[in-house]
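Raw run.tsv, TSV, N, CA and C atoms:
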chain	number	residue	atom	x	y	z
A	1	MET	N	45.01	8.74	-1.28
A	1	MET	CA	45.30	8.97	-2.68
A	1	MET	C	44.63	10.25	-3.17
A	2	PHE	N	43.34	10.43	-2.83
A	2	PHE	CA	42.63	11.63	-3.25
A	2	PHE	C	43.22	12.88	-2.62
A	3	ALA	N	43.74	12.72	-1.40
A	3	ALA	CA	44.36	13.86	-0.70
A	3	ALA	C	45.65	14.27	-1.40
A	4	ASP	N	46.41	13.28	-1.91
A	4	ASP	CA	47.65	13.58	-2.64
A	4	ASP	C	47.36	14.34	-3.93
A	5	ILE	N	46.33	13.92	-4.65
A	5	ILE	CA	45.94	14.60	-5.89
A	5	ILE	C	45.50	16.02	-5.60
A	6	LEU	N	44.70	16.20	-4.54
A	6	LEU	CA	44.22	17.53	-4.17
A	6	LEU	C	45.38	18.44	-3.78
A	7	THR	N	46.38	17.90	-3.06
A	7	THR	CA	47.55	18.69	-2.67
A	7	THR	C	48.36	19.10	-3.91
A	8	GLU	N	48.55	18.16	-4.83
A	8	GLU	CA	49.32	18.43	-6.06
A	8	GLU	C	48.62	19.48	-6.92
A	9	VAL	N	47.31	19.33	-7.12
A	9	VAL	CA	46.55	20.28	-7.92
A	9	VAL	C	46.50	21.63	-7.22
A	10	GLY	N	46.40	21.63	-5.93
A	10	GLY	CA	46.33	22.88	-5.18
A	10	GLY	C	47.59	23.71	-5.29
A	11	SER	N	48.76	23.05	-5.35
A	11	SER	CA	50.01	23.80	-5.41
A	11	SER	C	50.31	24.32	-6.81
A	12	LYS	N	50.03	23.52	-7.85
A	12	LYS	CA	50.35	23.92	-9.21
A	12	LYS	C	49.11	24.30	-10.02
A	13	GLY	N	47.98	23.86	-9.58
A	13	GLY	CA	46.75	24.05	-10.34
A	13	GLY	C	46.37	25.50	-10.55
A	14	LEU	N	46.60	26.33	-9.55
A	14	LEU	CA	46.25	27.75	-9.67
A	14	LEU	C	47.09	28.43	-10.76
A	15	GLY	N	48.37	28.10	-10.81
A	15	GLY	CA	49.24	28.67	-11.84
A	15	GLY	C	48.86	28.18	-13.23
A	16	VAL	N	48.53	26.89	-13.34
A	16	VAL	CA	48.12	26.33	-14.63
A	16	VAL	C	46.81	26.95	-15.08
A	17	LEU	N	45.87	27.07	-14.16
A	17	LEU	CA	44.58	27.67	-14.48
A	17	LEU	C	44.73	29.13	-14.91
A	18	ALA	N	45.58	29.88	-14.20
A	18	ALA	CA	45.81	31.28	-14.57
A	18	ALA	C	46.47	31.38	-15.94
A	19	GLY	N	47.43	30.48	-16.22
A	19	GLY	CA	48.09	30.49	-17.52
A	19	GLY	C	47.14	30.15	-18.66
A	20	MET	N	46.27	29.16	-18.43
A	20	MET	CA	45.29	28.79	-19.46
A	20	MET	C	44.30	29.92	-19.70
A	21	LEU	N	43.87	30.54	-18.62
A	21	LEU	CA	42.92	31.65	-18.76
A	21	LEU	C	43.55	32.83	-19.49
A	22	LEU	N	44.78	33.18	-19.13
A	22	LEU	CA	45.48	34.29	-19.80
A	22	LEU	C	45.74	33.97	-21.27
A	23	GLY	N	46.16	32.74	-21.56
A	23	GLY	CA	46.40	32.34	-22.96
A	23	GLY	C	45.12	32.36	-23.77
A	24	GLY	N	44.02	31.91	-23.18
A	24	GLY	CA	42.73	31.95	-23.88
A	24	GLY	C	42.28	33.37	-24.17
A	25	ILE	N	42.43	34.26	-23.21
A	25	ILE	CA	42.03	35.66	-23.40
A	25	ILE	C	42.88	36.31	-24.49
A	26	ILE	N	44.17	36.05	-24.48
A	26	ILE	CA	45.05	36.63	-25.51
A	26	ILE	C	44.69	36.08	-26.89
A	27	THR	N	44.45	34.78	-27.00
A	27	THR	CA	44.10	34.17	-28.28
A	27	THR	C	42.80	34.73	-28.82
A	28	VAL	N	41.79	34.85	-27.98
A	28	VAL	CA	40.50	35.38	-28.42
A	28	VAL	C	40.64	36.84	-28.84
A	29	SER	N	41.39	37.62	-28.08
A	29	SER	CA	41.52	39.05	-28.43
A	29	SER	C	42.27	39.22	-29.75
A	30	VAL	N	43.29	38.41	-30.02
A	30	VAL	CA	44.01	38.49	-31.30
A	30	VAL	C	43.09	38.07	-32.44
A	31	ALA	N	42.31	37.02	-32.24
A	31	ALA	CA	41.39	36.56	-33.29
A	31	ALA	C	40.33	37.61	-33.59
A	32	VAL	N	39.78	38.24	-32.56
A	32	VAL	CA	38.77	39.29	-32.76
A	32	VAL	C	39.39	40.48	-33.47
A	33	TRP	N	40.61	40.85	-33.11
A	33	TRP	CA	41.29	41.97	-33.75
A	33	TRP	C	41.53	41.69	-35.23
A	34	ARG	N	42.00	40.48	-35.57
A	34	ARG	CA	42.23	40.13	-36.98
A	34	ARG	C	40.93	40.13	-37.77
A	35	ARG	N	39.88	39.55	-37.18
A	35	ARG	CA	38.59	39.49	-37.86
A	35	ARG	C	38.05	40.90	-38.10
A	36	ARG	N	38.20	41.78	-37.13
A	36	ARG	CA	37.74	43.17	-37.27
A	36	ARG	C	38.51	43.88	-38.36
A	37	LYS	N	39.83	43.64	-38.41
A	37	LYS	CA	40.66	44.25	-39.44
A	37	LYS	C	40.24	43.77	-40.83
A	38	GLU	N	39.98	42.46	-40.98
A	38	GLU	CA	39.52	41.92	-42.27
A	38	GLU	C	38.17	42.51	-42.65
A	39	ARG	N	37.27	42.62	-41.68
A	39	ARG	CA	35.94	43.17	-41.95
A	39	ARG	C	36.02	44.62	-42.40
A	40	LEU	N	36.84	45.43	-41.74
A	40	LEU	CA	37.01	46.82	-42.14
A	40	LEU	C	37.60	46.93	-43.53
A	41	ARG	N	38.55	46.05	-43.85
A	41	ARG	CA	39.15	46.08	-45.18
A	41	ARG	C	38.14	45.72	-46.25
A	42	ILE	N	37.29	44.74	-45.98
A	42	ILE	CA	36.28	44.33	-46.96
A	42	ILE	C	35.21	45.39	-47.12
A	43	THR	N	34.74	45.98	-46.01
A	43	THR	CA	33.70	47.01	-46.11
A	43	THR	C	34.21	48.27	-46.78
A	44	SER	N	35.52	48.49	-46.78
A	44	SER	CA	36.06	49.65	-47.48
A	44	SER	C	36.27	49.37	-48.97
A	45	GLY	N	36.00	48.13	-49.41
A	45	GLY	CA	36.09	47.79	-50.83
A	45	GLY	C	37.39	47.14	-51.24
A	46	ASP	N	38.24	46.79	-50.30
A	46	ASP	CA	39.52	46.19	-50.62
A	46	ASP	C	39.35	44.68	-50.72
A	47	ALA	N	39.55	44.12	-51.90
A	47	ALA	CA	39.45	42.67	-52.09
A	47	ALA	C	40.69	42.16	-52.79
A	48	ARG	N	41.85	42.69	-52.43
A	48	ARG	CA	43.07	42.31	-53.12
A	48	ARG	C	43.52	40.89	-52.82
A	49	ASP	N	43.05	40.31	-51.74
A	49	ASP	CA	43.48	38.95	-51.43
A	49	ASP	C	42.55	37.90	-52.02
A	50	THR	N	41.61	38.31	-52.88
A	50	THR	CA	40.71	37.37	-53.55
A	50	THR	C	41.05	37.30	-55.02
A	51	ILE	N	41.15	36.08	-55.53
A	51	ILE	CA	41.47	35.87	-56.94
A	51	ILE	C	40.25	35.30	-57.64
A	52	SER	N	39.86	35.92	-58.74
A	52	SER	CA	38.79	35.40	-59.60
A	52	SER	C	39.44	34.89	-60.88
A	53	ILE	N	39.11	33.68	-61.26
A	53	ILE	CA	39.71	33.07	-62.45
A	53	ILE	C	38.63	32.96	-63.52
A	54	HIS	N	38.88	33.58	-64.68
A	54	HIS	CA	37.95	33.54	-65.80
A	54	HIS	C	38.70	33.07	-67.04
A	55	LEU	N	38.01	32.33	-67.87
A	55	LEU	CA	38.57	31.88	-69.14
A	55	LEU	C	37.83	32.61	-70.25
A	56	HIS	N	38.55	33.33	-71.08
A	56	HIS	CA	37.96	34.06	-72.20
A	56	HIS	C	38.25	33.29	-73.48
A	57	LEU	N	37.21	32.83	-74.14
A	57	LEU	CA	37.35	32.11	-75.40
A	57	LEU	C	36.90	33.02	-76.53
A	58	ILE	N	37.76	33.21	-77.51
A	58	ILE	CA	37.42	34.03	-78.67
A	58	ILE	C	37.31	33.13	-79.87
A	59	GLU	N	36.12	33.08	-80.44
A	59	GLU	CA	35.91	32.29	-81.65
A	59	GLU	C	36.10	33.19	-82.85
A	60	SER	N	36.72	32.64	-83.89
A	60	SER	CA	36.98	33.46	-85.08
A	60	SER	C	36.61	32.65	-86.32
A	61	SER	N	36.49	33.37	-87.42
A	61	SER	CA	36.19	32.73	-88.71
A	61	SER	C	36.89	33.50	-89.81
A	62	GLN	N	36.92	32.90	-90.98
A	62	GLN	CA	37.55	33.54	-92.14
A	62	GLN	C	36.59	34.57	-92.73
A	63	ALA	N	37.11	35.71	-93.08
A	63	ALA	CA	36.32	36.74	-93.76
A	63	ALA	C	37.15	37.30	-94.91
A	64	SER	N	36.49	37.61	-95.97
A	64	SER	CA	37.22	38.18	-97.11
A	64	SER	C	37.16	39.70	-97.01
A	65	THR	N	38.30	40.30	-97.13
A	65	THR	CA	38.41	41.77	-97.10
A	65	THR	C	39.06	42.22	-98.38
A	66	GLN	N	39.23	43.51	-98.53
A	66	GLN	CA	39.86	44.04	-99.74
A	66	GLN	C	41.31	43.59	-99.86
A	67	SER	N	41.97	43.43	-98.71
A	67	SER	CA	43.37	43.02	-98.75
A	67	SER	C	43.53	41.50	-98.78
A	68	GLY	N	42.44	40.75	-98.78
A	68	GLY	CA	42.52	39.29	-98.85
A	68	GLY	C	41.82	38.67	-97.64
A	69	PRO	N	41.80	37.36	-97.61
A	69	PRO	CA	41.12	36.70	-96.49
A	69	PRO	C	41.90	36.86	-95.19
A	70	ARG	N	41.16	37.03	-94.12
A	70	ARG	CA	41.78	37.11	-92.79
A	70	ARG	C	40.80	36.63	-91.75
A	71	ARG	N	41.32	36.32	-90.58
A	71	ARG	CA	40.48	35.82	-89.49
A	71	ARG	C	39.94	36.99	-88.68
A	72	VAL	N	38.64	36.96	-88.42
A	72	VAL	CA	37.99	38.01	-87.62
A	72	VAL	C	37.26	37.34	-86.45
A	73	PRO	N	37.21	38.02	-85.33
A	73	PRO	CA	36.50	37.45	-84.18
A	73	PRO	C	34.99	37.45	-84.41
A	74	THR	N	34.34	36.37	-84.03
A	74	THR	CA	32.88	36.28	-84.20
A	74	THR	C	32.15	36.18	-82.86
A	75	ALA	N	32.81	35.65	-81.85
A	75	ALA	CA	32.13	35.52	-80.55
A	75	ALA	C	33.16	35.53	-79.42
A	76	LEU	N	32.75	36.08	-78.30
A	76	LEU	CA	33.57	36.07	-77.09
A	76	LEU	C	32.77	35.36	-76.02
A	77	ARG	N	33.34	34.32	-75.47
A	77	ARG	CA	32.67	33.57	-74.40
A	77	ARG	C	33.54	33.68	-73.15
A	78	VAL	N	32.90	34.05	-72.05
A	78	VAL	CA	33.60	34.19	-70.76
A	78	VAL	C	33.09	33.08	-69.85
A	79	ARG	N	34.01	32.29	-69.34
A	79	ARG	CA	33.68	31.21	-68.41
A	79	ARG	C	34.27	31.56	-67.05
A	80	ALA	N	33.42	31.66	-66.04
A	80	ALA	CA	33.89	31.90	-64.68
A	80	ALA	C	34.31	30.55	-64.09
A	81	LEU	N	35.58	30.43	-63.75
A	81	LEU	CA	36.10	29.18	-63.22
A	81	LEU	C	36.10	29.16	-61.70
A	82	GLY	N	35.82	30.29	-61.07
A	82	GLY	CA	35.73	30.34	-59.61
A	82	GLY	C	36.59	31.42	-59.02
A	83	GLN	N	36.48	31.53	-57.72
A	83	GLN	CA	37.31	32.48	-57.00
A	83	GLN	C	37.63	31.92	-55.63
A	84	SER	N	38.74	32.37	-55.09
A	84	SER	CA	39.17	31.91	-53.79
A	84	SER	C	40.16	32.91	-53.23
A	85	GLU	N	40.58	32.67	-52.00
A	85	GLU	CA	41.59	33.53	-51.38
A	85	GLU	C	42.94	33.25	-52.01
A	86	LEU	N	43.78	34.27	-52.00
A	86	LEU	CA	45.10	34.14	-52.61
A	86	LEU	C	45.91	33.03	-51.97
A	87	CYS	N	45.83	32.88	-50.65
A	87	CYS	CA	46.63	31.86	-49.97
A	87	CYS	C	46.19	30.45	-50.34
A	88	ARG	N	44.95	30.28	-50.81
A	88	ARG	CA	44.49	28.95	-51.22
A	88	ARG	C	44.86	28.65	-52.67
A	89	VAL	N	44.91	29.67	-53.52
A	89	VAL	CA	45.27	29.47	-54.92
A	89	VAL	C	46.78	29.34	-55.08
A	90	VAL	N	47.52	30.20	-54.38
A	90	VAL	CA	48.98	30.19	-54.43
A	90	VAL	C	49.49	30.00	-53.00
A	91	PRO	N	49.75	28.76	-52.57
A	91	PRO	CA	50.14	28.53	-51.18
A	91	PRO	C	51.56	29.00	-50.84
A	92	ASN	N	52.40	29.21	-51.84
A	92	ASN	CA	53.76	29.67	-51.61
A	92	ASN	C	53.73	31.17	-51.31
A	93	GLY	N	54.21	31.57	-50.14
A	93	GLY	CA	54.17	32.97	-49.72
A	93	GLY	C	54.94	33.91	-50.62
A	94	HIS	N	56.12	33.47	-51.10
A	94	HIS	CA	56.93	34.33	-51.97
A	94	HIS	C	56.22	34.56	-53.30
A	95	LEU	N	55.70	33.50	-53.90
A	95	LEU	CA	55.00	33.65	-55.17
A	95	LEU	C	53.74	34.50	-55.00
A	96	ALA	N	53.06	34.37	-53.89
A	96	ALA	CA	51.87	35.18	-53.63
A	96	ALA	C	52.22	36.66	-53.54
A	97	SER	N	53.34	36.98	-52.90
A	97	SER	CA	53.74	38.39	-52.79
A	97	SER	C	54.15	38.96	-54.16
A	98	VAL	N	54.83	38.15	-54.98
A	98	VAL	CA	55.19	38.59	-56.34
A	98	VAL	C	53.93	38.82	-57.16
A	99	LEU	N	52.97	37.91	-57.05
A	99	LEU	CA	51.70	38.04	-57.77
A	99	LEU	C	50.95	39.30	-57.34
A	100	MET	N	50.95	39.59	-56.05
A	100	MET	CA	50.27	40.80	-55.55
A	100	MET	C	50.95	42.07	-56.08
A	101	ARG	N	52.30	42.06	-56.12
A	101	ARG	CA	53.02	43.23	-56.65
A	101	ARG	C	52.70	43.43	-58.12
A	102	ARG	N	52.65	42.33	-58.89
A	102	ARG	CA	52.34	42.43	-60.32
A	102	ARG	C	50.89	42.83	-60.54
A	103	ALA	N	50.00	42.41	-59.66
A	103	ALA	CA	48.58	42.73	-59.80
A	103	ALA	C	48.31	44.22	-59.64
A	104	GLN	N	49.18	44.95	-58.98
A	104	GLN	CA	49.00	46.39	-58.80
A	104	GLN	C	49.17	47.16	-60.12
A	105	THR	N	49.88	46.56	-61.09
A	105	THR	CA	50.18	47.26	-62.34
A	105	THR	C	49.38	46.73	-63.53
A	106	VAL	N	48.36	45.92	-63.28
A	106	VAL	CA	47.58	45.31	-64.36
A	106	VAL	C	46.67	46.34	-65.03
A	107	THR	N	46.66	46.30	-66.36
A	107	THR	CA	45.72	47.11	-67.15
A	107	THR	C	45.08	46.18	-68.17
A	108	SER	N	44.11	46.70	-68.93
A	108	SER	CA	43.48	45.86	-69.95
A	108	SER	C	44.45	45.55	-71.09
A	109	ARG	N	45.41	46.43	-71.34
A	109	ARG	CA	46.41	46.20	-72.40
A	109	ARG	C	47.58	45.34	-71.91
A	110	ASP	N	47.84	45.38	-70.61
A	110	ASP	CA	48.96	44.64	-70.02
A	110	ASP	C	48.42	43.75	-68.91
A	111	PRO	N	47.87	42.55	-69.27
A	111	PRO	CA	47.26	41.68	-68.25
A	111	PRO	C	48.29	41.01	-67.38
A	112	LEU	N	47.83	40.42	-66.31
A	112	LEU	CA	48.71	39.72	-65.38
A	112	LEU	C	49.35	38.52	-66.05
A	113	ILE	N	48.55	37.76	-66.79
A	113	ILE	CA	49.04	36.60	-67.53
A	113	ILE	C	48.82	36.85	-69.01
A	114	SER	N	49.89	36.99	-69.76
A	114	SER	CA	49.78	37.30	-71.18
A	114	SER	C	49.47	36.04	-71.97
A	115	MET	N	48.57	36.15	-72.91
A	115	MET	CA	48.22	35.02	-73.77
A	115	MET	C	48.90	35.11	-75.14
A	116	ALA	N	49.79	36.07	-75.30
A	116	ALA	CA	50.49	36.25	-76.58
A	116	ALA	C	51.55	35.18	-76.78
Whole structure given in structure tokens:
Amino acid sequence: MFADILTEVGSKGLGVLAGMLLGGIITVSVAVWRRRKERLRITSGDARDTISIHLHLIESSQASTQSGPRRVPTALRVRALGQSELCRVVPNGHLASVLMRRAQTVTSRDPLISMA
């Protein structure tokens, strides 16, 4: 019985072992290449795939002016709600690509998400 197993492994085992070794080397090299690419992108200052979510609360009160009473801002409170990778916040690939395209044109006057 042991001789049969040794014969079977001997005929196919070398090919299986070579395939596993080659697959492992390819997988490790691709993973190292991706990690290196991500590291270079981060060290160059590119953080486009990270989303930071903040809540801006503006408190207002009534003030009397020459033209009559009106609401004026009295306090601005910023709450950091967290940050994560884009793929974790928006798991849909199409929506993530649309969001990234829109994020390229964001200004302080034209935010990504309008509160108007």
Checklist entry - DSSP says strand (DSSP E or B) for which residues of chain A? Put them as JSON, numbers by chain? => result {"A": [50, 51, 52, 53, 54, 55, 56, 57, 58, 59, 60, 61, 62, 63, 64, 65, 68, 69, 70, 71, 72, 73, 74, 75, 76, 77, 78, 79, 80, 81, 82, 83, 84, 85]}
Next on the checklist: Run DSSP on the backbone and tell me which residues of stretch 24-110 of chain A come out as alpha helix (DSSP H); list them as a PyMOL selection string.
Outcome noted: chain A and resi 24-43+86-89+93-103
Checklist outcome for this item: atom CA of A:Pro91 to atom CA of A:Ile25 measures 29.8 Å
Checklist outcome for this item: re atom CA of A:Ser61 and atom CA of A:Pro111: distance 24.9 Å
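Here atom C of A:Phe2 is placed at a distance of 26.2 Å from atom N of A:Leu22.
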Item to check | Residue neighbourhood stretch 53-59 of chain A, 7 Å, all atoms listed in the file, exclusion window fewer than 2 positions, as a PyMOL selection string | outcome: chain A and resi 51+61+72-84
